[in-house]
Amino acid sequence: MKKQTLPRPTDGELAILNVLWEKGPSTVRDVHEIVGRAQKTGYTTILKLMQIMTEKGLVTRDESQQAHVYKAAVSENQTQRSFMGDLLERVFSGSAKKLVMHALAAKKASPTELAEIRKLLDDLEKPGKGT
């Protein structure tokens with residue numbers, strides 16, 4: 001059975017997904033309190049976006065209560081991997097080296113981030129790991 005690919009979320013949909021990933025299942029009002037405040041977006045706009053996201057399969061909706069509760073249907077990690085894979089192919093011709101070099105040149109990494117990157121590279125070089 002072929003794995004279904006979900007559509008890539010728009011910027012507005014990503015803002016909603018970020019709330020759902022951080023807070024967990026939430027009502028439209030919950031999401032609007034965060035996204036609406038930050039982006040000056042109206043309640044009905046958030047509601048419509050979440051309805052569209054349900055149709056797209058990006059979120060699920062529990063209709064068992066008066067206030068419908070929405071939950072992210074895809075994990076943050078899945079979404080990041082999808083975006084990264086697309087970026088890697090489209091912009092960097094599949095070169096992980098180019099992507100990493102540009103990412104590190106674009107924004108200075110903290111000492112903690114650099115240590116985590118080194119550990120990841122060390123782990124990938126261990127026998128049986130990586131490619």
# chains A, B, ... in the order shown; residues from 1 in each chain; ligands from 1
call {"tool": "residues_around", "arguments": {"residues": "Leu47 (chain A)", "least_positions_apart": "6", "cutoff": "12 Å", "atoms": "only C-alpha atoms", "output": "count of residues only"}}
result
20
call {"tool": "residues_around", "arguments": {"residues": "Lys56 (chain A)", "least_positions_apart": "6", "cutoff": "12 Å", "atoms": "only C-alpha atoms", "output": "ChimeraX atom specification"}}
result
/A:4-10,13,49-50,72-74
call {"tool": "write_last_selection", "arguments": {"atoms": "C-alpha atoms", "output": "mmCIF file, in the first residue's frame"}}
result
data_model
loop_
_atom_site.group_PDB
_atom_site.id
_atom_site.type_symbol
_atom_site.label_atom_id
_atom_site.label_comp_id
_atom_site.auth_asym_id
_atom_site.auth_seq_id
_atom_site.Cartn_x
_atom_site.Cartn_y
_atom_site.Cartn_z
ATOM 1 C CA GLN A 4 -0.186 8.977 1.298
ATOM 2 C CA THR A 5 1.683 12.250 1.039
ATOM 3 C CA LEU A 6 0.049 15.163 2.779
ATOM 4 C CA PRO A 7 0.082 18.586 1.158
ATOM 5 C CA ARG A 8 2.735 21.047 2.251
ATOM 6 C CA PRO A 9 1.228 23.483 4.803
ATOM 7 C CA THR A 10 1.083 27.174 3.943
ATOM 8 C CA GLU A 13 -1.311 26.604 8.365
ATOM 9 C CA LEU A 49 -8.048 27.735 7.847
ATOM 10 C CA MET A 50 -8.595 24.931 10.351
ATOM 11 C CA ALA A 72 -2.316 17.889 14.357
ATOM 12 C CA ALA A 73 -2.502 14.854 12.054
ATOM 13 C CA VAL A 74 1.208 15.042 11.252
#
call {"tool": "closest_residue", "arguments": {"among": "A:Phe92, A:Thr45, A:Ile34, A:Pro25", "to": "Asp62 (chain A)", "atoms": "only C-alpha atoms"}}
result
A:Pro25
call {"tool": "closest_residue", "arguments": {"among": "A:Ala106, A:Val59, A:Met84, A:Val91", "to": "Asn18 (chain A)", "atoms": "only C-alpha atoms"}}
result
A:Val59
call {"tool": "select_by_dssp", "arguments": {"residues": "chain A", "states": "helix (DSSP H, G or I)", "output": "JSON, numbers by chain"}}
result
{"A": [11, 12, 13, 14, 15, 16, 17, 18, 19, 20, 21, 22, 23, 28, 29, 30, 31, 32, 33, 34, 35, 36, 37, 38, 39, 43, 44, 45, 46, 47, 48, 49, 50, 51, 52, 53, 54, 55, 56, 76, 77, 78, 79, 80, 81, 82, 83, 84, 85, 86, 87, 88, 89, 90, 91, 92, 96, 97, 98, 99, 100, 101, 102, 103, 104, 105, 106, 111, 112, 113, 114, 115, 116, 117, 118, 119, 120, 121, 122, 123, 124, 125]}
call {"tool": "select_by_dssp", "arguments": {"residues": "chain A", "states": "strand (DSSP E)", "output": "list of chain:residue names"}}
result
A:Val59, A:Thr60, A:Arg61, A:Asp62, A:Val69, A:Tyr70, A:Lys71, A:Ala72
